[in-house]
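Asks: Hey, dropping input_0.txt in here, compact mmCIF, N, CA and C atoms:
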```txt
# COMPACT_ATOMS: atom_id res chain seq x y z
N MET D 308 1.89 109.42 66.73
CA MET D 308 2.57 109.87 67.94
C MET D 308 3.81 110.64 67.52
N ASP D 309 3.98 111.81 68.11
CA ASP D 309 5.14 112.64 67.81
C ASP D 309 6.24 112.35 68.84
N ILE D 310 7.38 111.91 68.36
CA ILE D 310 8.49 111.55 69.26
C ILE D 310 9.34 112.78 69.52
N LYS D 311 9.60 113.03 70.77
CA LYS D 311 10.49 114.14 71.15
C LYS D 311 11.67 113.56 71.92
N LEU D 312 12.64 113.11 71.16
CA LEU D 312 13.83 112.52 71.77
C LEU D 312 14.76 113.62 72.24
N LYS D 313 15.41 113.38 73.35
CA LYS D 313 16.34 114.35 73.91
C LYS D 313 17.74 114.20 73.31
N LEU D 314 17.99 113.04 72.71
CA LEU D 314 19.32 112.75 72.18
C LEU D 314 19.24 112.36 70.72
N ASP D 315 20.36 112.52 70.04
CA ASP D 315 20.50 111.96 68.70
C ASP D 315 21.88 111.29 68.65
N SER D 316 22.16 110.58 67.57
CA SER D 316 23.41 109.81 67.52
C SER D 316 24.63 110.71 67.63
N SER D 317 24.59 111.90 67.07
CA SER D 317 25.72 112.81 67.13
C SER D 317 25.97 113.29 68.57
N ARG D 318 24.87 113.61 69.26
CA ARG D 318 25.02 114.10 70.64
C ARG D 318 25.56 113.00 71.56
N ILE D 319 25.13 111.77 71.32
CA ILE D 319 25.64 110.65 72.13
C ILE D 319 27.12 110.42 71.83
N LEU D 320 27.45 110.43 70.54
CA LEU D 320 28.82 110.16 70.12
C LEU D 320 29.80 111.21 70.65
N HIS D 321 29.40 112.46 70.64
CA HIS D 321 30.31 113.55 71.01
C HIS D 321 30.14 114.04 72.45
N LYS D 322 29.42 113.32 73.27
CA LYS D 322 29.21 113.72 74.66
C LYS D 322 30.54 113.69 75.40
N GLU D 323 30.82 114.79 76.07
CA GLU D 323 32.04 114.87 76.88
C GLU D 323 31.65 115.07 78.33
N PHE D 324 32.25 114.28 79.18
CA PHE D 324 32.00 114.38 80.61
C PHE D 324 33.18 115.14 81.23
N THR D 325 32.86 115.96 82.19
CA THR D 325 33.93 116.70 82.88
C THR D 325 34.08 116.14 84.28
N GLY D 326 35.21 116.32 84.84
CA GLY D 326 35.44 115.83 86.19
C GLY D 326 36.67 116.49 86.79
N THR D 327 36.74 116.51 88.08
CA THR D 327 37.86 117.13 88.77
C THR D 327 39.00 116.14 88.97
N LYS D 328 38.70 114.90 88.91
CA LYS D 328 39.72 113.89 89.11
C LYS D 328 39.84 113.05 87.85
N PRO D 329 40.84 112.24 87.73
CA PRO D 329 40.96 111.42 86.52
C PRO D 329 39.72 110.53 86.35
N GLY D 330 39.25 110.42 85.11
CA GLY D 330 38.06 109.61 84.81
C GLY D 330 36.84 110.49 84.64
N TYR D 331 35.70 109.88 84.76
CA TYR D 331 34.44 110.59 84.55
C TYR D 331 33.72 110.79 85.86
N ASP D 332 32.89 111.85 85.88
CA ASP D 332 32.05 112.10 87.04
C ASP D 332 30.87 111.12 86.95
N ALA D 333 30.73 110.24 87.90
CA ALA D 333 29.71 109.19 87.88
C ALA D 333 28.31 109.78 87.79
N LEU D 334 28.05 110.88 88.45
CA LEU D 334 26.72 111.50 88.41
C LEU D 334 26.39 111.99 87.01
N GLN D 335 27.38 112.59 86.32
CA GLN D 335 27.16 113.05 84.95
C GLN D 335 26.88 111.87 84.02
N VAL D 336 27.64 110.80 84.18
CA VAL D 336 27.45 109.62 83.34
C VAL D 336 26.07 109.01 83.61
N ASP D 337 25.69 108.88 84.88
CA ASP D 337 24.38 108.32 85.23
C ASP D 337 23.25 109.17 84.67
N THR D 338 23.38 110.50 84.78
CA THR D 338 22.35 111.40 84.26
C THR D 338 22.23 111.25 82.74
N PHE D 339 23.36 111.15 82.07
CA PHE D 339 23.34 110.99 80.62
C PHE D 339 22.72 109.65 80.22
N LEU D 340 23.11 108.60 80.93
CA LEU D 340 22.56 107.29 80.63
C LEU D 340 21.05 107.22 80.91
N ASP D 341 20.59 107.97 81.91
CA ASP D 341 19.15 108.05 82.18
C ASP D 341 18.42 108.66 80.96
N LEU D 342 19.04 109.67 80.34
CA LEU D 342 18.46 110.26 79.12
C LEU D 342 18.41 109.23 77.99
N VAL D 343 19.49 108.48 77.85
CA VAL D 343 19.54 107.46 76.80
C VAL D 343 18.45 106.42 77.04
N ILE D 344 18.30 105.97 78.27
CA ILE D 344 17.29 104.96 78.61
C ILE D 344 15.89 105.51 78.35
N GLU D 345 15.64 106.76 78.73
CA GLU D 345 14.34 107.38 78.51
C GLU D 345 14.01 107.45 77.02
N ASP D 346 15.00 107.84 76.21
CA ASP D 346 14.78 107.90 74.77
C ASP D 346 14.51 106.50 74.19
N TYR D 347 15.23 105.51 74.68
CA TYR D 347 15.02 104.15 74.19
C TYR D 347 13.61 103.68 74.54
N LYS D 348 13.16 103.96 75.74
CA LYS D 348 11.81 103.56 76.15
C LYS D 348 10.76 104.23 75.26
N GLN D 349 10.96 105.53 75.00
CA GLN D 349 10.01 106.25 74.16
C GLN D 349 10.02 105.68 72.74
N MET D 350 11.18 105.37 72.24
CA MET D 350 11.29 104.80 70.90
C MET D 350 10.64 103.42 70.84
N GLU D 351 10.82 102.61 71.87
CA GLU D 351 10.19 101.29 71.91
C GLU D 351 8.67 101.41 71.92
N ARG D 352 8.12 102.36 72.68
CA ARG D 352 6.67 102.59 72.69
C ARG D 352 6.19 102.99 71.30
N TYR D 353 6.93 103.89 70.70
CA TYR D 353 6.59 104.35 69.35
C TYR D 353 6.60 103.19 68.35
N LEU D 354 7.64 102.36 68.41
CA LEU D 354 7.74 101.23 67.49
C LEU D 354 6.61 100.22 67.69
N ARG D 355 6.21 99.99 68.96
CA ARG D 355 5.09 99.08 69.23
C ARG D 355 3.80 99.64 68.62
N GLU D 356 3.57 100.94 68.80
CA GLU D 356 2.36 101.56 68.24
C GLU D 356 2.38 101.52 66.72
N GLU D 357 3.52 101.79 66.14
CA GLU D 357 3.64 101.76 64.68
C GLU D 357 3.44 100.35 64.14
N GLN D 358 3.95 99.35 64.85
CA GLN D 358 3.77 97.96 64.43
C GLN D 358 2.30 97.59 64.48
N LYS D 359 1.60 98.03 65.54
CA LYS D 359 0.17 97.75 65.66
C LYS D 359 -0.59 98.42 64.51
N THR D 360 -0.26 99.66 64.21
CA THR D 360 -0.91 100.38 63.11
C THR D 360 -0.62 99.68 61.78
N ARG D 361 0.61 99.25 61.60
CA ARG D 361 1.01 98.55 60.37
C ARG D 361 0.21 97.27 60.20
N GLU D 362 0.07 96.50 61.28
CA GLU D 362 -0.69 95.25 61.21
C GLU D 362 -2.15 95.51 60.89
N GLU D 363 -2.72 96.57 61.48
CA GLU D 363 -4.11 96.92 61.19
C GLU D 363 -4.27 97.30 59.72
N LEU D 364 -3.31 98.05 59.19
CA LEU D 364 -3.38 98.44 57.78
C LEU D 364 -3.22 97.24 56.86
N ILE D 365 -2.35 96.32 57.22
CA ILE D 365 -2.19 95.10 56.43
C ILE D 365 -3.49 94.30 56.42
N ASP D 366 -4.16 94.21 57.57
CA ASP D 366 -5.45 93.52 57.64
C ASP D 366 -6.49 94.20 56.76
N GLN D 367 -6.51 95.53 56.79
CA GLN D 367 -7.45 96.28 55.95
C GLN D 367 -7.17 96.04 54.47
N VAL D 368 -5.92 96.03 54.09
CA VAL D 368 -5.56 95.77 52.69
C VAL D 368 -5.99 94.36 52.30
N ARG D 369 -5.75 93.40 53.18
CA ARG D 369 -6.13 92.00 52.90
C ARG D 369 -7.65 91.90 52.70
N LEU D 370 -8.42 92.54 53.57
CA LEU D 370 -9.88 92.52 53.44
C LEU D 370 -10.32 93.22 52.16
N SER D 371 -9.67 94.32 51.84
CA SER D 371 -10.01 95.06 50.62
C SER D 371 -9.73 94.22 49.39
N LYS D 372 -8.62 93.50 49.39
CA LYS D 372 -8.30 92.63 48.25
C LYS D 372 -9.34 91.52 48.10
N LYS D 373 -9.78 90.95 49.22
CA LYS D 373 -10.82 89.92 49.16
C LYS D 373 -12.11 90.51 48.59
N GLU D 374 -12.47 91.69 49.05
CA GLU D 374 -13.69 92.35 48.57
C GLU D 374 -13.58 92.66 47.08
N ILE D 375 -12.42 93.09 46.63
CA ILE D 375 -12.21 93.38 45.20
C ILE D 375 -12.38 92.11 44.39
N GLU D 376 -11.80 91.00 44.85
CA GLU D 376 -11.94 89.74 44.13
C GLU D 376 -13.40 89.31 44.07
N LYS D 377 -14.11 89.47 45.19
CA LYS D 377 -15.52 89.11 45.22
C LYS D 377 -16.31 89.98 44.24
N LEU D 378 -16.01 91.27 44.19
CA LEU D 378 -16.70 92.17 43.27
C LEU D 378 -16.35 91.87 41.81
N LYS D 379 -15.12 91.44 41.56
CA LYS D 379 -14.74 91.06 40.19
C LYS D 379 -15.56 89.87 39.73
N VAL D 380 -15.71 88.87 40.61
CA VAL D 380 -16.49 87.69 40.26
C VAL D 380 -17.95 88.08 40.02
N GLU D 381 -18.48 88.91 40.90
CA GLU D 381 -19.87 89.36 40.75
C GLU D 381 -20.04 90.16 39.46
N ASN D 382 -19.07 91.01 39.16
CA ASN D 382 -19.12 91.82 37.93
C ASN D 382 -19.10 90.92 36.70
N ALA D 383 -18.25 89.91 36.70
CA ALA D 383 -18.17 88.98 35.56
C ALA D 383 -19.49 88.23 35.41
N SER D 384 -20.09 87.84 36.52
CA SER D 384 -21.37 87.13 36.48
C SER D 384 -22.46 88.03 35.89
N LEU D 385 -22.49 89.27 36.34
CA LEU D 385 -23.50 90.20 35.83
C LEU D 385 -23.27 90.51 34.35
N LYS D 386 -22.01 90.63 33.96
CA LYS D 386 -21.72 90.88 32.55
C LYS D 386 -22.21 89.73 31.69
N SER D 387 -21.99 88.49 32.16
CA SER D 387 -22.43 87.34 31.36
C SER D 387 -23.96 87.28 31.30
N ARG D 388 -24.64 87.66 32.37
CA ARG D 388 -26.10 87.66 32.37
C ARG D 388 -26.65 88.73 31.44
N LEU D 389 -25.93 89.84 31.29
CA LEU D 389 -26.41 90.95 30.47
C LEU D 389 -25.87 90.91 29.04
N SER D 390 -25.06 89.93 28.75
CA SER D 390 -24.41 89.89 27.44
C SER D 390 -25.41 89.77 26.29
N GLY D 391 -26.57 89.18 26.53
CA GLY D 391 -27.56 89.02 25.47
C GLY D 391 -28.39 90.26 25.20
N ILE D 392 -28.25 91.25 26.03
CA ILE D 392 -29.04 92.47 25.86
C ILE D 392 -28.26 93.43 24.98
N SER D 393 -28.95 93.91 23.96
CA SER D 393 -28.31 94.84 23.04
C SER D 393 -28.59 96.27 23.51
N THR D 394 -27.64 97.14 23.29
CA THR D 394 -27.80 98.53 23.72
C THR D 394 -28.02 99.45 22.54
N SER D 395 -28.28 98.89 21.37
CA SER D 395 -28.43 99.74 20.19
C SER D 395 -29.78 100.45 20.20
N ASP D 396 -29.89 101.52 19.43
CA ASP D 396 -31.12 102.29 19.32
C ASP D 396 -32.21 101.49 18.61
N ASP D 397 -31.82 100.58 17.71
CA ASP D 397 -32.80 99.76 17.01
C ASP D 397 -33.63 98.94 17.98
N VAL D 398 -33.00 98.40 19.00
CA VAL D 398 -33.71 97.60 19.99
C VAL D 398 -34.71 98.47 20.73
N SER D 399 -34.32 99.68 21.11
CA SER D 399 -35.22 100.58 21.81
C SER D 399 -36.41 100.93 20.95
N LEU D 400 -36.17 101.21 19.67
CA LEU D 400 -37.27 101.52 18.76
C LEU D 400 -38.16 100.31 18.55
N SER D 401 -37.55 99.14 18.47
CA SER D 401 -38.31 97.92 18.31
C SER D 401 -39.20 97.69 19.53
N ASN D 402 -38.67 97.90 20.71
CA ASN D 402 -39.46 97.75 21.93
C ASN D 402 -40.61 98.74 21.97
N LEU D 403 -40.37 99.95 21.53
CA LEU D 403 -41.40 100.98 21.50
C LEU D 403 -42.53 100.57 20.54
N GLU D 404 -42.14 100.02 19.39
CA GLU D 404 -43.14 99.55 18.43
C GLU D 404 -43.98 98.42 19.03
N HIS D 405 -43.34 97.53 19.76
CA HIS D 405 -44.06 96.43 20.41
C HIS D 405 -45.05 96.96 21.44
N LEU D 406 -44.63 97.94 22.21
CA LEU D 406 -45.52 98.53 23.21
C LEU D 406 -46.73 99.20 22.55
N LYS D 407 -46.50 99.90 21.45
CA LYS D 407 -47.61 100.54 20.73
C LYS D 407 -48.58 99.49 20.21
N ARG D 408 -48.04 98.40 19.68
CA ARG D 408 -48.88 97.33 19.15
C ARG D 408 -49.70 96.69 20.27
N ILE D 409 -49.06 96.44 21.43
CA ILE D 409 -49.77 95.86 22.58
C ILE D 409 -50.89 96.79 23.02
N ALA D 410 -50.59 98.09 23.09
CA ALA D 410 -51.62 99.06 23.50
C ALA D 410 -52.79 99.05 22.54
N ALA D 411 -52.52 98.95 21.23
CA ALA D 411 -53.59 98.92 20.23
C ALA D 411 -54.43 97.66 20.38
N LEU D 412 -53.78 96.52 20.64
CA LEU D 412 -54.52 95.27 20.82
C LEU D 412 -55.38 95.30 22.09
N GLU D 413 -54.82 95.87 23.16
CA GLU D 413 -55.61 95.99 24.39
C GLU D 413 -56.83 96.89 24.16
N LYS D 414 -56.65 97.95 23.39
CA LYS D 414 -57.75 98.87 23.09
C LYS D 414 -58.83 98.14 22.28
N ALA D 415 -58.41 97.31 21.31
CA ALA D 415 -59.36 96.56 20.50
C ALA D 415 -60.12 95.55 21.36
N LEU D 416 -59.43 94.90 22.29
CA LEU D 416 -60.09 93.96 23.18
C LEU D 416 -61.11 94.67 24.08
N ALA D 417 -60.72 95.85 24.55
CA ALA D 417 -61.63 96.61 25.40
C ALA D 417 -62.89 96.99 24.63
N LYS D 418 -62.76 97.36 23.35
CA LYS D 418 -63.92 97.70 22.52
C LYS D 418 -64.81 96.49 22.31
N ALA D 419 -64.20 95.30 22.26
CA ALA D 419 -64.96 94.07 22.07
C ALA D 419 -65.59 93.60 23.37
N GLY D 420 -65.35 94.32 24.48
CA GLY D 420 -65.93 93.96 25.77
C GLY D 420 -65.13 92.95 26.55
N ILE D 421 -63.88 92.76 26.18
CA ILE D 421 -63.02 91.81 26.89
C ILE D 421 -61.97 92.60 27.69
N ASN D 422 -61.86 92.28 28.97
CA ASN D 422 -60.87 92.96 29.81
C ASN D 422 -59.52 92.27 29.57
N PRO D 423 -58.53 93.02 29.04
CA PRO D 423 -57.23 92.41 28.76
C PRO D 423 -56.52 91.86 29.98
N ASN D 424 -56.83 92.38 31.16
CA ASN D 424 -56.18 91.93 32.40
C ASN D 424 -56.70 90.56 32.85
N ASP D 425 -57.90 90.17 32.35
CA ASP D 425 -58.46 88.88 32.74
C ASP D 425 -57.94 87.74 31.89
N ILE D 426 -57.25 88.05 30.79
CA ILE D 426 -56.75 87.01 29.91
C ILE D 426 -55.47 86.41 30.51
N SER D 427 -55.41 85.09 30.57
CA SER D 427 -54.22 84.45 31.13
C SER D 427 -53.58 83.55 30.12
```
Written as structure tokens, that's how I'd like the structure from this file.

Replies:
Amino acid sequence: MDIKLKLDSSRILHKEFTGTKPGYDALQVDTFLDLVIEDYKQMERYLREEQKTREELIDQVRLSKKEIEKLKVENASLKSRLSGISTSDDVSLSNLEHLKRIAALEKALAKAGINPNDIS
């Protein structure tokens, strides 16, 4: 919300009222005070809206922190589950060799008339 106040502290401080008789013109003072009241009301509305926005942002931050903690726990759990898996090239080559050997054995079984899928 963009606040458009009619007064500022300097204008309030240096306001001079004119009058034909000693003292102040009551109408000028009332008009000025109406401006002050209007600005205060607008500022109060603005502060209420900003407080509401602030509370919503605090709630979002709180939820985000909870989600981060939950993800950290999940990440740690997944890391521990995957800790036994090696990422080296030797493991990949070893797995490839195993697959080739399995394929050769399945081929030999097929030649012997045995369906490898029926073996349990």

Asks: How big is the axis-aligned box around all listed atoms of segment 363-374 of chain D once 6 Å goes on each side, and where's its centre, in Å to one decimal, as AutoDock Vina command-line options?

Replies:
```
--center_x -7.9 --center_y 94.2 --center_z 54.3 --size_x 23.5 --size_y 20.5 --size_z 26.4
```

Asks: Can you tell me, as a PyMOL selection string, what residues are no more than 12 Å from Leu314 of chain D when counting only C-alpha atoms, ignoring any on the same chain fewer than 2 positions away?

Replies: chain D and resi 310-312+316-322+339-347+349-350

Asks: Using the selection just defined, write its residues with N, CA and C atoms as a PDB file, keeping the file's coordinate frame.

Replies:
```pdb
ATOM      1  N   ILE D 310       7.380 111.910  68.360  1.00  0.00           N
ATOM      2  CA  ILE D 310       8.490 111.550  69.260  1.00  0.00           C
ATOM      3  C   ILE D 310       9.340 112.780  69.520  1.00  0.00           C
ATOM      4  N   LYS D 311       9.600 113.030  70.770  1.00  0.00           N
ATOM      5  CA  LYS D 311      10.490 114.140  71.150  1.00  0.00           C
ATOM      6  C   LYS D 311      11.670 113.560  71.920  1.00  0.00           C
ATOM      7  N   LEU D 312      12.640 113.110  71.160  1.00  0.00           N
ATOM      8  CA  LEU D 312      13.830 112.520  71.770  1.00  0.00           C
ATOM      9  C   LEU D 312      14.760 113.620  72.240  1.00  0.00           C
ATOM     10  N   SER D 316      22.160 110.580  67.570  1.00  0.00           N
ATOM     11  CA  SER D 316      23.410 109.810  67.520  1.00  0.00           C
ATOM     12  C   SER D 316      24.630 110.710  67.630  1.00  0.00           C
ATOM     13  N   SER D 317      24.590 111.900  67.070  1.00  0.00           N
ATOM     14  CA  SER D 317      25.720 112.810  67.130  1.00  0.00           C
ATOM     15  C   SER D 317      25.970 113.290  68.570  1.00  0.00           C
ATOM     16  N   ARG D 318      24.870 113.610  69.260  1.00  0.00           N
ATOM     17  CA  ARG D 318      25.020 114.100  70.640  1.00  0.00           C
ATOM     18  C   ARG D 318      25.560 113.000  71.560  1.00  0.00           C
ATOM     19  N   ILE D 319      25.130 111.770  71.320  1.00  0.00           N
ATOM     20  CA  ILE D 319      25.640 110.650  72.130  1.00  0.00           C
ATOM     21  C   ILE D 319      27.120 110.420  71.830  1.00  0.00           C
ATOM     22  N   LEU D 320      27.450 110.430  70.540  1.00  0.00           N
ATOM     23  CA  LEU D 320      28.820 110.160  70.120  1.00  0.00           C
ATOM     24  C   LEU D 320      29.800 111.210  70.650  1.00  0.00           C
ATOM     25  N   HIS D 321      29.400 112.460  70.640  1.00  0.00           N
ATOM     26  CA  HIS D 321      30.310 113.550  71.010  1.00  0.00           C
ATOM     27  C   HIS D 321      30.140 114.040  72.450  1.00  0.00           C
ATOM     28  N   LYS D 322      29.420 113.320  73.270  1.00  0.00           N
ATOM     29  CA  LYS D 322      29.210 113.720  74.660  1.00  0.00           C
ATOM     30  C   LYS D 322      30.540 113.690  75.400  1.00  0.00           C
ATOM     31  N   PHE D 339      23.360 111.150  82.070  1.00  0.00           N
ATOM     32  CA  PHE D 339      23.340 110.990  80.620  1.00  0.00           C
ATOM     33  C   PHE D 339      22.720 109.650  80.220  1.00  0.00           C
ATOM     34  N   LEU D 340      23.110 108.600  80.930  1.00  0.00           N
ATOM     35  CA  LEU D 340      22.560 107.290  80.630  1.00  0.00           C
ATOM     36  C   LEU D 340      21.050 107.220  80.910  1.00  0.00           C
ATOM     37  N   ASP D 341      20.590 107.970  81.910  1.00  0.00           N
ATOM     38  CA  ASP D 341      19.150 108.050  82.180  1.00  0.00           C
ATOM     39  C   ASP D 341      18.420 108.660  80.960  1.00  0.00           C
ATOM     40  N   LEU D 342      19.040 109.670  80.340  1.00  0.00           N
ATOM     41  CA  LEU D 342      18.460 110.260  79.120  1.00  0.00           C
ATOM     42  C   LEU D 342      18.410 109.230  77.990  1.00  0.00           C
ATOM     43  N   VAL D 343      19.490 108.480  77.850  1.00  0.00           N
ATOM     44  CA  VAL D 343      19.540 107.460  76.800  1.00  0.00           C
ATOM     45  C   VAL D 343      18.450 106.420  77.040  1.00  0.00           C
ATOM     46  N   ILE D 344      18.300 105.970  78.270  1.00  0.00           N
ATOM     47  CA  ILE D 344      17.290 104.960  78.610  1.00  0.00           C
ATOM     48  C   ILE D 344      15.890 105.510  78.350  1.00  0.00           C
ATOM     49  N   GLU D 345      15.640 106.760  78.730  1.00  0.00           N
ATOM     50  CA  GLU D 345      14.340 107.380  78.510  1.00  0.00           C
ATOM     51  C   GLU D 345      14.010 107.450  77.020  1.00  0.00           C
ATOM     52  N   ASP D 346      15.000 107.840  76.210  1.00  0.00           N
ATOM     53  CA  ASP D 346      14.780 107.900  74.770  1.00  0.00           C
ATOM     54  C   ASP D 346      14.510 106.500  74.190  1.00  0.00           C
ATOM     55  N   TYR D 347      15.230 105.510  74.680  1.00  0.00           N
ATOM     56  CA  TYR D 347      15.020 104.150  74.190  1.00  0.00           C
ATOM     57  C   TYR D 347      13.610 103.680  74.540  1.00  0.00           C
ATOM     58  N   GLN D 349      10.960 105.530  75.000  1.00  0.00           N
ATOM     59  CA  GLN D 349      10.010 106.250  74.160  1.00  0.00           C
ATOM     60  C   GLN D 349      10.020 105.680  72.740  1.00  0.00           C
ATOM     61  N   MET D 350      11.180 105.370  72.240  1.00  0.00           N
ATOM     62  CA  MET D 350      11.290 104.800  70.900  1.00  0.00           C
ATOM     63  C   MET D 350      10.640 103.420  70.840  1.00  0.00           C
TER      64      MET D 350
END
```

Asks: Work out how far atom N of His405 of chain D is from atom C of Ile426 of chain D, in Å to one decimal.

Replies: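 Rounded to one decimal, the two atoms are 19.7 Å apart.
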
Asks: So that I can check the secondary structure, give me every residue of segment 310-422 of chain D assigned alpha helix (DSSP H) by backbone DSSP, as a count of residues only.

Replies: 85

Asks: Tell me, in Å to one decimal, how far atom CA of Ile409 of chain D is from atom C of Arg388 of chain D.

Replies: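 Separating atom CA of Ile409 of chain D from atom C of Arg388 of chain D is a distance of 25.8 Å.
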
Asks: One number please: atom CA of Leu364 of chain D to atom CA of Lys379 of chain D, in Å, one decimal.

Replies: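 Atom-to-atom, atom CA of Leu364 of chain D and atom CA of Lys379 of chain D are spaced 22.2 Å apart.
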